[in-house]
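For reference, the structure discussed in these notes is given below.
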2 protein chains.
Amino acid sequence: MSSIKTQARAPQQRTLDTRASIKAAGAELFATRGYRATGVRDIADLAGCNQALVSYHFKGKGGLYDEILADAVAEAERLAKEGDLSSAAYPERELVRILSRAIASQAHLAPMILREQMDPDRLLNPGTADTLRSFMALTESVLNVLPLDTEARGWDPQIVHLTIVGPLIHFTVATRMREATVGKLERPMSTPDLDTFTDTLAAMLSRALRAKAADA
Amino acid sequence: MSSIKTQARAPQQRTLDTRASIKAAGAELFATRGYRATGVRDIADLAGCNQALVSYHFKGKGGLYDEILADAVAEAERLAKEGDLSSAAYPERELVRILSRAIASQAHLAPMILREQMDPDRLLNPGTADTLRSFMALTESVLNVLPLDTEARGWDPQIVHLTIVGPLIHFTVATRMREATVGKLERPMSTPDLDTFTDTLAAMLSRALRAKAADA
DNA sequence: GTCTATAGGCTGATAGAC
DNA sequence: GTCTATCAGCCTATAGAC
């Protein structure tokens, strides 16, 4: 009896699980290999289901990709809004923390956006581009608040933004690589964790923005 | 007569041109689209020749890719050696200039290495990995020379290196995108040039390393 | 919802003419 | 050295059984 009941519910439950598995598998593979190099079979295998289900649940590979990226971007935007920039004692440090959470908390986000940016044909979804611009606006607002000296005031906010986001993205990507090559190298590199990395980056930025050059 | 002579030399000359064209086309496409997403036909079309010539000159797509990447890495290493780190008044600024030249002077290098790093299956060629490590060694040597305060001495050299290389790579990639999307955006972003970017990055690093925090 | 089978298109390599 | 023609393999999407 009870086994019948269980079987009766199974299909419905399995549906949600399957959709989520496919999404997780797709995120992993699209990030590591890219859209073109990822086969629907690869996704299905990793998700532990049949390849036809990708089309059934997401209207094909393209639909799956779009949904994964849109979700990741939305989540990044949500995380960014959790930070409180205005009441922070050191807004530039809080800025780094916010961007760190937004970029690095989902391991597949940075690689996917990076791949989009590298390919001119694949022009960014307008919504995605807007989100990226809103991140840069955060940096600009911080620069407007801080008491900058003459030299620092001459820096292009866009450049300063890149000095924060560049390292964060790169750290995320490099971490993926390190995890994959653990034990494969004869001389394994030290693997700093995200918090240490974020704190160091925040300290460097803060000193660059606030401190006068030692011999200026 | 002269036309006969010209035609007689043409095949020989054309050979070199064709090889170079294919290489240039491959570099462009592998960088923007990645290995898998680039068809041999695409390369041949861009190079203005027949697809069979790719196999003839480079033993197939894989051989072409390997040669392009190896050449780019070798050239980056050569450029890095041109810089004089020991006699510079501000070694950390010279370091940024050196890395900037090595990374950004060949537009296809950064995207290609980035793609390799993102894919764990495609483990880096040992020679390439060695070159990347030698770049990090440059940063370490600079940190050993500078008079760092207590806080800066606690920073992981690997992290400091990422704060230099990350922005440089990201700037290179972003520049590609900007050039491709010129006019496609309603609100075009300012496009700082590489020299301005490099100088700003050098200034920020120098201040971060040398200046004491304003209120530490 | 899930699976099998298959169609239709694209891709990389190569044999052979020039 | 360069080109045309072609083949064998792979990939995505879908029709239809369960």
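Chain labels A, B, ... are given in the sequence in which chains occur in the structure tokens; within each chain residues are numbered consecutively from 1, and ligands are likewise numbered from 1 in the order shown.
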
Interface residues on chain B facing chain C, 9 Å, only C-alpha atoms (C1' of nucleotides), written as a PDB file with all heavy atoms, in the first residue's frame:
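And here is the file that came out, part-v8.pdb:
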```pdb
ATOM      1  N   GLY B  39      35.104  26.899 -36.306  1.00  0.00           N
ATOM      2  CA  GLY B  39      35.185  25.888 -37.353  1.00  0.00           C
ATOM      3  C   GLY B  39      36.379  26.125 -38.248  1.00  0.00           C
ATOM      4  O   GLY B  39      36.810  27.265 -38.434  1.00  0.00           O
ATOM      5  N   VAL B  40      36.911  25.048 -38.794  1.00  0.00           N
ATOM      6  CA  VAL B  40      38.009  25.188 -39.745  1.00  0.00           C
ATOM      7  C   VAL B  40      37.566  26.039 -40.935  1.00  0.00           C
ATOM      8  O   VAL B  40      38.331  26.826 -41.481  1.00  0.00           O
ATOM      9  CB  VAL B  40      38.492  23.804 -40.226  1.00  0.00           C
ATOM     10  CG1 VAL B  40      39.564  23.953 -41.288  1.00  0.00           C
ATOM     11  CG2 VAL B  40      39.007  22.998 -39.057  1.00  0.00           C
ATOM     12  N   ARG B  41      36.314  25.901 -41.307  1.00  0.00           N
ATOM     13  CA  ARG B  41      35.786  26.712 -42.415  1.00  0.00           C
ATOM     14  C   ARG B  41      35.821  28.201 -42.062  1.00  0.00           C
ATOM     15  O   ARG B  41      36.146  29.036 -42.902  1.00  0.00           O
ATOM     16  CB  ARG B  41      34.356  26.288 -42.736  1.00  0.00           C
ATOM     17  CG  ARG B  41      34.275  25.019 -43.577  1.00  0.00           C
ATOM     18  CD  ARG B  41      32.816  24.572 -43.745  1.00  0.00           C
ATOM     19  NE  ARG B  41      32.719  23.338 -44.512  1.00  0.00           N
ATOM     20  CZ  ARG B  41      32.963  22.129 -44.020  1.00  0.00           C
ATOM     21  NH1 ARG B  41      33.325  21.996 -42.756  1.00  0.00           N
ATOM     22  NH2 ARG B  41      32.859  21.049 -44.779  1.00  0.00           N
ATOM     23  N   ALA B  52      41.181  23.266 -46.678  1.00  0.00           N
ATOM     24  CA  ALA B  52      42.146  22.164 -46.702  1.00  0.00           C
ATOM     25  C   ALA B  52      43.546  22.643 -46.337  1.00  0.00           C
ATOM     26  O   ALA B  52      44.378  21.862 -45.861  1.00  0.00           O
ATOM     27  CB  ALA B  52      42.160  21.509 -48.078  1.00  0.00           C
ATOM     28  N   SER B  55      44.785  22.082 -42.693  1.00  0.00           N
ATOM     29  CA  SER B  55      45.374  20.764 -42.427  1.00  0.00           C
ATOM     30  C   SER B  55      46.753  20.657 -43.079  1.00  0.00           C
ATOM     31  O   SER B  55      47.680  20.100 -42.492  1.00  0.00           O
ATOM     32  CB  SER B  55      44.471  19.656 -42.969  1.00  0.00           C
ATOM     33  OG  SER B  55      43.356  19.476 -42.134  1.00  0.00           O
ATOM     34  N   GLY B  60      45.979  20.152 -39.151  1.00  0.00           N
ATOM     35  CA  GLY B  60      44.648  20.195 -38.544  1.00  0.00           C
ATOM     36  C   GLY B  60      44.451  21.329 -37.553  1.00  0.00           C
ATOM     37  O   GLY B  60      45.373  22.078 -37.212  1.00  0.00           O
ATOM     38  N   LYS B  61      43.242  21.447 -37.087  1.00  0.00           N
ATOM     39  CA  LYS B  61      42.836  22.526 -36.201  1.00  0.00           C
ATOM     40  C   LYS B  61      43.628  22.522 -34.897  1.00  0.00           C
ATOM     41  O   LYS B  61      44.078  23.572 -34.421  1.00  0.00           O
ATOM     42  CB  LYS B  61      41.335  22.371 -35.910  1.00  0.00           C
ATOM     43  CG  LYS B  61      40.715  23.490 -35.125  1.00  0.00           C
ATOM     44  CD  LYS B  61      39.190  23.353 -35.157  1.00  0.00           C
ATOM     45  CE  LYS B  61      38.624  23.239 -33.769  1.00  0.00           C
ATOM     46  NZ  LYS B  61      37.139  23.336 -33.733  1.00  0.00           N
TER      47      LYS B  61
END
```

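In chain D, the set of residues within 10 Å of chain A (atoms considered: only C-alpha atoms (C1' of nucleotides)) is DC10, DC11, DT12, DA13 and DT14 of chain D.
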
Given the selection you just returned, output its residues as a file containing C-alpha atoms (C1' of nucleotides), formatted as a PDB file, in the first residue's frame.
```pdb
ATOM      1  C1'  DC D  10      28.799  14.045 -34.026  1.00  0.00           C
ATOM      2  C1'  DC D  11      25.179  17.043 -32.371  1.00  0.00           C
ATOM      3  C1'  DT D  12      20.435  18.976 -31.508  1.00  0.00           C
ATOM      4  C1'  DA D  13      15.784  18.578 -31.716  1.00  0.00           C
ATOM      5  C1'  DT D  14      11.578  15.881 -31.977  1.00  0.00           C
TER       6       DT D  14
END
```

Students should find that CA of Glu28 in chain B and CA of Ile43 in chain B are spaced 8.9 Å

Per residue of chain B within 6 Å of chain A, what are the shortest atom pair and its distance in Å to one decimal, counting only C-alpha atoms, with rows by chain and residue number, as CSV?
```
residue,atom,partner,partner_atom,distance
B:Thr32,CA,A:Asp119,CA,4.7
B:Arg33,CA,A:Asp119,CA,5.6
B:Arg36,CA,A:Ala37,CA,5.4
B:Ala37,CA,A:Arg36,CA,5.4
B:Gln117,CA,A:Met177,CA,6.0
B:Met118,CA,A:Thr32,CA,5.3
B:Asp119,CA,A:Thr32,CA,4.7
B:Pro120,CA,A:Ala180,CA,5.5
B:Leu162,CA,A:Pro167,CA,5.6
B:Thr163,CA,A:Pro167,CA,5.1
B:Gly166,CA,A:Pro167,CA,4.4
B:Pro167,CA,A:Gly166,CA,4.4
B:His170,CA,A:Gly166,CA,5.5
B:Val173,CA,A:Met118,CA,6.0
B:Met177,CA,A:Pro120,CA,5.8
B:Ala180,CA,A:Pro120,CA,5.6
B:Met204,CA,A:Ala208,CA,5.0
B:Arg207,CA,A:Ala208,CA,4.9
B:Ala208,CA,A:Ala208,CA,4.4
B:Ala211,CA,A:Ala214,CA,5.2
B:Ala213,CA,A:Arg207,CA,5.3
B:Ala214,CA,A:Ala211,CA,5.2
```

I'd like to know which residues of range 18-194 of chain A are helix (DSSP H, G or I) (by DSSP, run on the backbone); could you write them as a ChimeraX atom specification? /A:18-33,40-47,52-58,61-82,91-104,109-118,126-145,150-153,157-180,194

re CA of Val142 in chain A and CA of Glu92 in chain B: distance 26.0 Å
